[in-house]
Amino acid sequence: NGDAYAIFLGSGNGTLNLRSTDQVQGLIRVQDHNVNLDAVSGGAVFRFEDAAPDSGEFVTNVSDDRFGWFVDDEGGTAPIYASVDVAEIAPSANLVAFYGDVIGRSADTLSFEPEVQVTRNATGGISGFSSGAFRPYVLIDGESRRFENTSEIDTDVTVFNGSAGFSGQLENGLALSLGLGVFKSNGETDSSDFDTEGLYVDAAIGRQIGAYAVEAGLGYGWLSTDRSRQIIGSTQAQADFDSTLLTAHLGVERTFDVSDAFGLLGFGTVRYTRQKDDAYTETGAIANASIDEVTTEVVEARLGIELDKKLNNGGTVFGEFSGVVRNNLGDTNADVTVFSTT
């Protein structure tokens with residue numbers, strides 16, 4: 001186990017142990033030897049020259065069911081073994097839930113009073129001008145997050161988001177908001193990098209009932225992703241694919257009178273998000289993978305409180321504390337094909 005440019009095993013026998021983290025870029029020559037291949041993290045390609053294919057044995061092992069081994073020219077004189085880590089291919093449930101929150105923010109502009117106001121969770125700048133019952137708005141924000149895919153792999157992502165639309169309140173007290181937006185994200189895991197661009201529409205309705213406000217929202221987006229995946233023993237694998245994103249949420253909030261200068265808000269939301277990735281095939285690597293359609297569904301519940309303070313210049317400072325529970329609905333399965341084997 002370790003790093004080597006190439007490996008040459010001549011006469012004799014014994015067992016060669018290789019892990020998918022071993023850095024072997026060149027050819028591995030074996031003869032009457034056994035070879036144990038262990039997939040433990042990331043993707044790797046091992047190219048062999050087998051001088052005695054009728055002697056010795058190749059054995060593949062995986063440390064988790066998210067890994068898979070694929071082989072070209074199995075039993076021949078030049079076999080190639082490739083490992084694939086689905087955690088580097090299938091979308092993270094946490095990332096999907098985050099995208100759902102990004103495209104479902106028209107509820108942040110719901111207003112239950114005639115004057116233009118900033119409401120909960122408006123993380124960017126809002127501008128508005130009264131025009132009858134409705135007013136236009138603009139939201140601009142940026143965020144960076146880190147999510148844990150597995151115990152060994154994290155996803156770091158930065159998103160810039162902008163949307164515009166109309167919000168207002170009808171005479172019957174029903175508040176409405178409708179928006180169109182775009183976002184751009186870039187991120188990385190331990191061995192992959194990705195850039196995603198999205199176009200989306202979203203809408204929300206709400207009603208004030210005493211001290212409570214109840215809201216519901218729906219968003220739909222079209223995503224395009226460019227991804228590169230690092231593979232030990234090979235050049236990078238490049239992929240381009242499209243996705244659709246659907247999100248829906250229900251929320252309730254209650255205001256509490258603290259003082260003239262401070263406001264306290266308690267809130268809770270439940271959000272469902274589904275991302276459907278189109279099938280695609282990687283290019284540029286020795287062991288390009290073909291990925292069938294993948295659907296990821298996530299439900300999250302959020303509870304929290306928000307404190308705001310009005311400033312003398314007319315502005316408002318917000319502070320929020322919240323907790324989130326996310327649940328991936330079933331297993332996210334990905335059919336992966338390498339060397340014509342699925």
# chains A, B, ... in the order shown; residues from 1 in each chain; ligands from 1
>>> select_by_dssp(residues="stretch 61-302 of chain A", states="alpha helix (DSSP H)", output="CSV table (one decimal) with C-alpha atoms, in the first residue's frame")
chain,number,residue,atom,x,y,z
A,93,ALA,CA,-29.3,15.1,-0.2
A,94,ASN,CA,-28.1,18.1,1.9
A,95,LEU,CA,-27.2,20.0,-1.3
A,96,VAL,CA,-30.5,19.2,-2.9
A,97,ALA,CA,-32.3,20.5,0.1
A,98,PHE,CA,-30.2,23.7,0.0
A,99,TYR,CA,-31.0,24.3,-3.6
A,100,GLY,CA,-34.7,23.8,-2.7
A,101,ASP,CA,-34.4,26.6,-0.1
A,102,VAL,CA,-32.6,28.9,-2.7
>>> residues_around(residues="stretch 294-308 of chain A", least_positions_apart="3", cutoff="7 Å", atoms="only C-alpha atoms", output="PyMOL selection string")
chain A and resi 93+97+262-278+316-329+332-334
>>> write_last_selection(atoms="N, CA, C and O atoms", output="short mmCIF file (atom, residue, chain, number, x, y, z; two decimals), in the first residue's frame")
data_model
loop_
_atom_site.label_atom_id
_atom_site.label_comp_id
_atom_site.auth_asym_id
_atom_site.auth_seq_id
_atom_site.Cartn_x
_atom_site.Cartn_y
_atom_site.Cartn_z
N ALA A 93 -27.98 14.74 -0.60
CA ALA A 93 -29.32 15.13 -0.16
C ALA A 93 -29.30 16.51 0.50
O ALA A 93 -30.23 17.30 0.34
N ALA A 97 -31.48 19.77 -0.76
CA ALA A 97 -32.34 20.54 0.15
C ALA A 97 -31.95 22.02 0.15
O ALA A 97 -32.81 22.90 0.19
N PHE A 262 -37.44 46.23 19.82
CA PHE A 262 -37.10 44.85 19.49
C PHE A 262 -38.36 44.08 19.10
O PHE A 262 -39.45 44.32 19.64
N GLY A 263 -38.19 43.15 18.16
CA GLY A 263 -39.26 42.25 17.77
C GLY A 263 -38.79 40.81 17.84
O GLY A 263 -37.62 40.52 17.54
N LEU A 264 -39.66 39.91 18.24
CA LEU A 264 -39.33 38.49 18.35
C LEU A 264 -40.31 37.69 17.52
O LEU A 264 -41.53 37.92 17.57
N LEU A 265 -39.78 36.76 16.73
CA LEU A 265 -40.60 35.94 15.84
C LEU A 265 -40.22 34.48 16.02
O LEU A 265 -39.04 34.12 15.97
N GLY A 266 -41.21 33.65 16.23
CA GLY A 266 -41.00 32.20 16.24
C GLY A 266 -41.56 31.60 14.97
O GLY A 266 -42.63 32.01 14.49
N PHE A 267 -40.84 30.64 14.36
CA PHE A 267 -41.30 30.11 13.08
C PHE A 267 -40.98 28.62 12.96
O PHE A 267 -40.08 28.10 13.62
N GLY A 268 -41.73 27.97 12.09
CA GLY A 268 -41.50 26.57 11.77
C GLY A 268 -41.92 26.31 10.33
O GLY A 268 -42.93 26.85 9.86
N THR A 269 -41.14 25.50 9.61
CA THR A 269 -41.45 25.18 8.22
C THR A 269 -41.18 23.71 7.96
O THR A 269 -40.32 23.09 8.61
N VAL A 270 -41.89 23.17 7.01
CA VAL A 270 -41.64 21.82 6.47
C VAL A 270 -41.50 21.98 4.96
O VAL A 270 -42.36 22.58 4.31
N ARG A 271 -40.38 21.45 4.40
CA ARG A 271 -40.11 21.61 2.97
C ARG A 271 -39.80 20.26 2.33
O ARG A 271 -39.04 19.45 2.88
N TYR A 272 -40.38 20.04 1.16
CA TYR A 272 -40.10 18.87 0.33
C TYR A 272 -39.37 19.34 -0.93
O TYR A 272 -39.79 20.31 -1.57
N THR A 273 -38.28 18.66 -1.28
CA THR A 273 -37.52 19.01 -2.49
C THR A 273 -37.17 17.74 -3.25
O THR A 273 -36.75 16.75 -2.65
N ARG A 274 -37.30 17.80 -4.57
CA ARG A 274 -36.96 16.67 -5.44
C ARG A 274 -36.10 17.16 -6.60
O ARG A 274 -36.46 18.11 -7.28
N GLN A 275 -34.96 16.52 -6.79
CA GLN A 275 -34.09 16.81 -7.93
C GLN A 275 -33.99 15.58 -8.80
O GLN A 275 -33.69 14.48 -8.32
N LYS A 276 -34.21 15.77 -10.11
CA LYS A 276 -34.12 14.68 -11.08
C LYS A 276 -33.02 15.00 -12.07
O LYS A 276 -33.11 15.98 -12.80
N ASP A 277 -31.95 14.19 -12.06
CA ASP A 277 -30.82 14.37 -12.96
C ASP A 277 -31.01 13.51 -14.21
O ASP A 277 -31.35 12.32 -14.11
N ASP A 278 -30.76 14.10 -15.37
CA ASP A 278 -30.80 13.33 -16.61
C ASP A 278 -29.62 12.37 -16.69
O ASP A 278 -28.60 12.55 -16.02
N THR A 316 -33.11 47.86 9.81
CA THR A 316 -33.41 46.78 10.77
C THR A 316 -32.29 45.76 10.75
O THR A 316 -31.81 45.39 9.68
N VAL A 317 -31.87 45.33 11.93
CA VAL A 317 -30.86 44.28 12.07
C VAL A 317 -31.55 43.01 12.54
O VAL A 317 -32.34 43.03 13.50
N PHE A 318 -31.24 41.88 11.84
CA PHE A 318 -31.87 40.61 12.16
C PHE A 318 -30.85 39.65 12.77
O PHE A 318 -29.68 39.63 12.39
N GLY A 319 -31.30 38.83 13.69
CA GLY A 319 -30.52 37.70 14.21
C GLY A 319 -31.43 36.48 14.30
O GLY A 319 -32.60 36.59 14.70
N GLU A 320 -30.91 35.32 13.87
CA GLU A 320 -31.76 34.12 13.82
C GLU A 320 -31.05 32.92 14.41
O GLU A 320 -29.83 32.74 14.24
N PHE A 321 -31.79 32.10 15.13
CA PHE A 321 -31.31 30.82 15.64
C PHE A 321 -32.33 29.76 15.25
O PHE A 321 -33.51 29.90 15.55
N SER A 322 -31.87 28.71 14.57
CA SER A 322 -32.81 27.68 14.11
C SER A 322 -32.14 26.32 14.09
O SER A 322 -30.90 26.21 14.06
N GLY A 323 -32.96 25.29 14.12
CA GLY A 323 -32.49 23.91 14.00
C GLY A 323 -33.19 23.22 12.85
O GLY A 323 -34.37 23.48 12.57
N VAL A 324 -32.45 22.35 12.14
CA VAL A 324 -32.98 21.70 10.94
C VAL A 324 -32.81 20.19 11.06
O VAL A 324 -31.75 19.70 11.48
N VAL A 325 -33.85 19.46 10.68
CA VAL A 325 -33.78 18.00 10.56
C VAL A 325 -34.12 17.64 9.13
O VAL A 325 -35.16 18.06 8.61
N ARG A 326 -33.23 16.86 8.46
CA ARG A 326 -33.46 16.47 7.07
C ARG A 326 -33.55 14.96 6.98
O ARG A 326 -32.82 14.24 7.67
N ASN A 327 -34.41 14.50 6.09
CA ASN A 327 -34.58 13.07 5.89
C ASN A 327 -34.62 12.78 4.40
O ASN A 327 -35.46 13.33 3.68
N ASN A 328 -33.69 11.94 3.93
CA ASN A 328 -33.69 11.51 2.53
C ASN A 328 -34.77 10.45 2.36
O ASN A 328 -34.75 9.43 3.06
N LEU A 329 -35.71 10.67 1.45
CA LEU A 329 -36.82 9.73 1.25
C LEU A 329 -36.33 8.52 0.48
O LEU A 329 -36.24 8.53 -0.75
N THR A 332 -30.98 6.93 -2.47
CA THR A 332 -30.72 7.49 -3.79
C THR A 332 -29.86 6.49 -4.55
O THR A 332 -28.68 6.34 -4.28
N ASN A 333 -30.47 5.78 -5.49
CA ASN A 333 -29.75 4.75 -6.24
C ASN A 333 -29.29 5.31 -7.58
O ASN A 333 -29.99 6.07 -8.23
N ALA A 334 -28.08 4.93 -7.97
CA ALA A 334 -27.53 5.35 -9.25
C ALA A 334 -27.05 4.13 -10.00
O ALA A 334 -26.23 3.37 -9.50
#
>>> closest_atom_pairs(of="stretch 27-143 of chain A", to="stretch 154-175 of chain A", cutoff="6 Å", atoms="only C-alpha atoms", output="tab-separated table")
residue	atom	partner	partner_atom	distance
A:Ala133	CA	A:Gly168	CA	5.5
A:Phe134	CA	A:Gly168	CA	4.1
A:Arg135	CA	A:Phe166	CA	5.4
A:Pro136	CA	A:Phe166	CA	4.3
A:Tyr137	CA	A:Gly165	CA	5.5
A:Val138	CA	A:Ala164	CA	4.4
A:Leu139	CA	A:Ser163	CA	5.2
A:Ile140	CA	A:Gly162	CA	4.4
A:Asp141	CA	A:Asn161	CA	5.4
A:Gly142	CA	A:Phe160	CA	4.3
A:Glu143	CA	A:Val159	CA	5.3
>>> write_last_selection(atoms="N, CA and C atoms", output="compact mmCIF listing (two decimals), in the first residue's frame")
# COMPACT_ATOMS: atom_id res chain seq x y z
N ALA A 133 -52.22 47.18 -5.45
CA ALA A 133 -52.15 46.15 -4.41
C ALA A 133 -50.81 45.44 -4.41
N PHE A 134 -50.04 45.53 -5.49
CA PHE A 134 -48.79 44.79 -5.60
C PHE A 134 -47.62 45.73 -5.85
N ARG A 135 -46.44 45.25 -5.51
CA ARG A 135 -45.22 46.03 -5.70
C ARG A 135 -44.15 45.10 -6.26
N PRO A 136 -43.24 45.61 -7.07
CA PRO A 136 -42.13 44.78 -7.53
C PRO A 136 -41.09 44.65 -6.43
N TYR A 137 -40.31 43.58 -6.51
CA TYR A 137 -39.23 43.39 -5.55
C TYR A 137 -38.02 42.79 -6.26
N VAL A 138 -36.86 42.96 -5.65
CA VAL A 138 -35.62 42.36 -6.11
C VAL A 138 -34.90 41.77 -4.90
N LEU A 139 -34.48 40.51 -5.00
CA LEU A 139 -33.71 39.84 -3.96
C LEU A 139 -32.35 39.43 -4.52
N ILE A 140 -31.29 39.77 -3.83
CA ILE A 140 -29.93 39.37 -4.21
C ILE A 140 -29.22 38.86 -2.97
N ASP A 141 -28.64 37.68 -3.04
CA ASP A 141 -27.93 37.16 -1.87
C ASP A 141 -26.85 36.17 -2.30
N GLY A 142 -25.96 35.88 -1.40
CA GLY A 142 -24.90 34.89 -1.61
C GLY A 142 -24.66 34.14 -0.32
N GLU A 143 -24.33 32.85 -0.44
CA GLU A 143 -24.12 32.01 0.72
C GLU A 143 -23.03 30.97 0.43
>>> atom_distance(atom1="atom CA of A:Ser55", atom2="atom CA of A:Leu27")
18.7 Å
>>> residues_around(residues="A:Leu9", least_positions_apart="3", cutoff="9 Å", atoms="only C-alpha atoms", output="list in words")
Gly12, Asn13, Ile28, Arg29, Val30, Gln31, Asp32 and His33 of chain A
>>> decode(residues="stretch 257-273 of chain A", atoms="all heavy atoms", output="PDB file, in the first residue's frame")
ATOM      1  N   ASP A 257     -44.628  40.445  21.235  1.00  0.00           N
ATOM      2  CA  ASP A 257     -44.317  41.820  21.600  1.00  0.00           C
ATOM      3  C   ASP A 257     -43.252  41.822  22.681  1.00  0.00           C
ATOM      4  O   ASP A 257     -43.459  41.314  23.782  1.00  0.00           O
ATOM      5  CB  ASP A 257     -45.573  42.545  22.100  1.00  0.00           C
ATOM      6  CG  ASP A 257     -46.600  42.741  20.996  1.00  0.00           C
ATOM      7  OD1 ASP A 257     -46.174  42.903  19.831  1.00  0.00           O
ATOM      8  OD2 ASP A 257     -47.809  42.720  21.293  1.00  0.00           O
ATOM      9  N   VAL A 258     -42.088  42.375  22.348  1.00  0.00           N
ATOM     10  CA  VAL A 258     -40.992  42.474  23.312  1.00  0.00           C
ATOM     11  C   VAL A 258     -40.840  43.916  23.780  1.00  0.00           C
ATOM     12  O   VAL A 258     -40.898  44.207  24.970  1.00  0.00           O
ATOM     13  CB  VAL A 258     -39.675  41.962  22.699  1.00  0.00           C
ATOM     14  CG1 VAL A 258     -38.531  42.089  23.702  1.00  0.00           C
ATOM     15  CG2 VAL A 258     -39.834  40.512  22.251  1.00  0.00           C
ATOM     16  N   SER A 259     -40.614  44.827  22.825  1.00  0.00           N
ATOM     17  CA  SER A 259     -40.527  46.259  23.121  1.00  0.00           C
ATOM     18  C   SER A 259     -40.700  46.996  21.815  1.00  0.00           C
ATOM     19  O   SER A 259     -40.795  46.399  20.739  1.00  0.00           O
ATOM     20  CB  SER A 259     -39.189  46.601  23.783  1.00  0.00           C
ATOM     21  OG  SER A 259     -38.127  46.451  22.854  1.00  0.00           O
ATOM     22  N   ASP A 260     -40.729  48.328  21.906  1.00  0.00           N
ATOM     23  CA  ASP A 260     -40.860  49.121  20.682  1.00  0.00           C
ATOM     24  C   ASP A 260     -39.641  48.984  19.788  1.00  0.00           C
ATOM     25  O   ASP A 260     -39.729  49.113  18.567  1.00  0.00           O
ATOM     26  CB  ASP A 260     -41.077  50.597  21.044  1.00  0.00           C
ATOM     27  CG  ASP A 260     -42.420  50.831  21.717  1.00  0.00           C
ATOM     28  OD1 ASP A 260     -43.326  49.985  21.526  1.00  0.00           O
ATOM     29  OD2 ASP A 260     -42.552  51.837  22.439  1.00  0.00           O
ATOM     30  N   ALA A 261     -38.466  48.721  20.375  1.00  0.00           N
ATOM     31  CA  ALA A 261     -37.228  48.655  19.600  1.00  0.00           C
ATOM     32  C   ALA A 261     -36.899  47.244  19.136  1.00  0.00           C
ATOM     33  O   ALA A 261     -36.143  47.070  18.186  1.00  0.00           O
ATOM     34  CB  ALA A 261     -36.061  49.218  20.417  1.00  0.00           C
ATOM     35  N   PHE A 262     -37.438  46.233  19.817  1.00  0.00           N
ATOM     36  CA  PHE A 262     -37.102  44.848  19.494  1.00  0.00           C
ATOM     37  C   PHE A 262     -38.360  44.078  19.101  1.00  0.00           C
ATOM     38  O   PHE A 262     -39.453  44.322  19.637  1.00  0.00           O
ATOM     39  CB  PHE A 262     -36.436  44.141  20.684  1.00  0.00           C
ATOM     40  CG  PHE A 262     -35.048  44.606  20.970  1.00  0.00           C
ATOM     41  CD1 PHE A 262     -34.817  45.648  21.852  1.00  0.00           C
ATOM     42  CD2 PHE A 262     -33.961  44.001  20.346  1.00  0.00           C
ATOM     43  CE1 PHE A 262     -33.532  46.081  22.113  1.00  0.00           C
ATOM     44  CE2 PHE A 262     -32.678  44.431  20.604  1.00  0.00           C
ATOM     45  CZ  PHE A 262     -32.453  45.479  21.487  1.00  0.00           C
ATOM     46  N   GLY A 263     -38.195  43.152  18.163  1.00  0.00           N
ATOM     47  CA  GLY A 263     -39.263  42.249  17.771  1.00  0.00           C
ATOM     48  C   GLY A 263     -38.794  40.812  17.835  1.00  0.00           C
ATOM     49  O   GLY A 263     -37.621  40.517  17.544  1.00  0.00           O
ATOM     50  N   LEU A 264     -39.665  39.910  18.243  1.00  0.00           N
ATOM     51  CA  LEU A 264     -39.331  38.487  18.353  1.00  0.00           C
ATOM     52  C   LEU A 264     -40.312  37.686  17.517  1.00  0.00           C
ATOM     53  O   LEU A 264     -41.527  37.920  17.573  1.00  0.00           O
ATOM     54  CB  LEU A 264     -39.384  38.027  19.810  1.00  0.00           C
ATOM     55  CG  LEU A 264     -39.026  36.561  20.069  1.00  0.00           C
ATOM     56  CD1 LEU A 264     -37.562  36.288  19.700  1.00  0.00           C
ATOM     57  CD2 LEU A 264     -39.284  36.196  21.532  1.00  0.00           C
ATOM     58  N   LEU A 265     -39.780  36.762  16.731  1.00  0.00           N
ATOM     59  CA  LEU A 265     -40.596  35.945  15.836  1.00  0.00           C
ATOM     60  C   LEU A 265     -40.225  34.481  16.017  1.00  0.00           C
ATOM     61  O   LEU A 265     -39.044  34.120  15.971  1.00  0.00           O
ATOM     62  CB  LEU A 265     -40.342  36.366  14.381  1.00  0.00           C
ATOM     63  CG  LEU A 265     -41.135  35.642  13.300  1.00  0.00           C
ATOM     64  CD1 LEU A 265     -42.565  36.161  13.269  1.00  0.00           C
ATOM     65  CD2 LEU A 265     -40.483  35.837  11.940  1.00  0.00           C
ATOM     66  N   GLY A 266     -41.210  33.646  16.232  1.00  0.00           N
ATOM     67  CA  GLY A 266     -41.001  32.202  16.243  1.00  0.00           C
ATOM     68  C   GLY A 266     -41.562  31.604  14.971  1.00  0.00           C
ATOM     69  O   GLY A 266     -42.629  32.015  14.495  1.00  0.00           O
ATOM     70  N   PHE A 267     -40.844  30.644  14.358  1.00  0.00           N
ATOM     71  CA  PHE A 267     -41.304  30.109  13.076  1.00  0.00           C
ATOM     72  C   PHE A 267     -40.980  28.622  12.961  1.00  0.00           C
ATOM     73  O   PHE A 267     -40.080  28.095  13.621  1.00  0.00           O
ATOM     74  CB  PHE A 267     -40.672  30.871  11.898  1.00  0.00           C
ATOM     75  CG  PHE A 267     -39.170  30.800  11.858  1.00  0.00           C
ATOM     76  CD1 PHE A 267     -38.521  29.763  11.197  1.00  0.00           C
ATOM     77  CD2 PHE A 267     -38.400  31.775  12.471  1.00  0.00           C
ATOM     78  CE1 PHE A 267     -37.136  29.696  11.156  1.00  0.00           C
ATOM     79  CE2 PHE A 267     -37.021  31.721  12.434  1.00  0.00           C
ATOM     80  CZ  PHE A 267     -36.377  30.675  11.777  1.00  0.00           C
ATOM     81  N   GLY A 268     -41.734  27.973  12.091  1.00  0.00           N
ATOM     82  CA  GLY A 268     -41.504  26.568  11.766  1.00  0.00           C
ATOM     83  C   GLY A 268     -41.920  26.305  10.333  1.00  0.00           C
ATOM     84  O   GLY A 268     -42.925  26.854   9.862  1.00  0.00           O
ATOM     85  N   THR A 269     -41.140  25.505   9.614  1.00  0.00           N
ATOM     86  CA  THR A 269     -41.447  25.183   8.223  1.00  0.00           C
ATOM     87  C   THR A 269     -41.178  23.706   7.958  1.00  0.00           C
ATOM     88  O   THR A 269     -40.324  23.090   8.606  1.00  0.00           O
ATOM     89  CB  THR A 269     -40.608  26.012   7.228  1.00  0.00           C
ATOM     90  OG1 THR A 269     -39.220  25.753   7.440  1.00  0.00           O
ATOM     91  CG2 THR A 269     -40.876  27.494   7.384  1.00  0.00           C
ATOM     92  N   VAL A 270     -41.892  23.166   7.007  1.00  0.00           N
ATOM     93  CA  VAL A 270     -41.644  21.825   6.468  1.00  0.00           C
ATOM     94  C   VAL A 270     -41.496  21.981   4.963  1.00  0.00           C
ATOM     95  O   VAL A 270     -42.359  22.577   4.306  1.00  0.00           O
ATOM     96  CB  VAL A 270     -42.781  20.847   6.799  1.00  0.00           C
ATOM     97  CG1 VAL A 270     -42.521  19.496   6.141  1.00  0.00           C
ATOM     98  CG2 VAL A 270     -42.936  20.681   8.297  1.00  0.00           C
ATOM     99  N   ARG A 271     -40.381  21.449   4.396  1.00  0.00           N
ATOM    100  CA  ARG A 271     -40.105  21.613   2.968  1.00  0.00           C
ATOM    101  C   ARG A 271     -39.796  20.261   2.331  1.00  0.00           C
ATOM    102  O   ARG A 271     -39.041  19.454   2.878  1.00  0.00           O
ATOM    103  CB  ARG A 271     -38.930  22.557   2.741  1.00  0.00           C
ATOM    104  CG  ARG A 271     -38.582  22.751   1.259  1.00  0.00           C
ATOM    105  CD  ARG A 271     -37.419  23.713   1.079  1.00  0.00           C
ATOM    106  NE  ARG A 271     -37.753  25.048   1.521  1.00  0.00           N
ATOM    107  CZ  ARG A 271     -38.413  25.934   0.783  1.00  0.00           C
ATOM    108  NH1 ARG A 271     -38.828  25.596  -0.449  1.00  0.00           N
ATOM    109  NH2 ARG A 271     -38.670  27.141   1.247  1.00  0.00           N
ATOM    110  N   TYR A 272     -40.382  20.043   1.157  1.00  0.00           N
ATOM    111  CA  TYR A 272     -40.097  18.873   0.326  1.00  0.00           C
ATOM    112  C   TYR A 272     -39.370  19.343  -0.927  1.00  0.00           C
ATOM    113  O   TYR A 272     -39.792  20.314  -1.574  1.00  0.00           O
ATOM    114  CB  TYR A 272     -41.391  18.159  -0.064  1.00  0.00           C
ATOM    115  CG  TYR A 272     -41.236  17.172  -1.210  1.00  0.00           C
ATOM    116  CD1 TYR A 272     -40.763  15.888  -0.980  1.00  0.00           C
ATOM    117  CD2 TYR A 272     -41.561  17.539  -2.516  1.00  0.00           C
ATOM    118  CE1 TYR A 272     -40.620  14.979  -2.021  1.00  0.00           C
ATOM    119  CE2 TYR A 272     -41.422  16.643  -3.560  1.00  0.00           C
ATOM    120  CZ  TYR A 272     -40.946  15.368  -3.309  1.00  0.00           C
ATOM    121  OH  TYR A 272     -40.799  14.472  -4.345  1.00  0.00           O
ATOM    122  N   THR A 273     -38.277  18.664  -1.284  1.00  0.00           N
ATOM    123  CA  THR A 273     -37.522  19.006  -2.488  1.00  0.00           C
ATOM    124  C   THR A 273     -37.167  17.738  -3.248  1.00  0.00           C
ATOM    125  O   THR A 273     -36.752  16.746  -2.649  1.00  0.00           O
ATOM    126  CB  THR A 273     -36.225  19.771  -2.141  1.00  0.00           C
ATOM    127  OG1 THR A 273     -36.552  20.928  -1.369  1.00  0.00           O
ATOM    128  CG2 THR A 273     -35.500  20.195  -3.402  1.00  0.00           C
TER     129      THR A 273
END
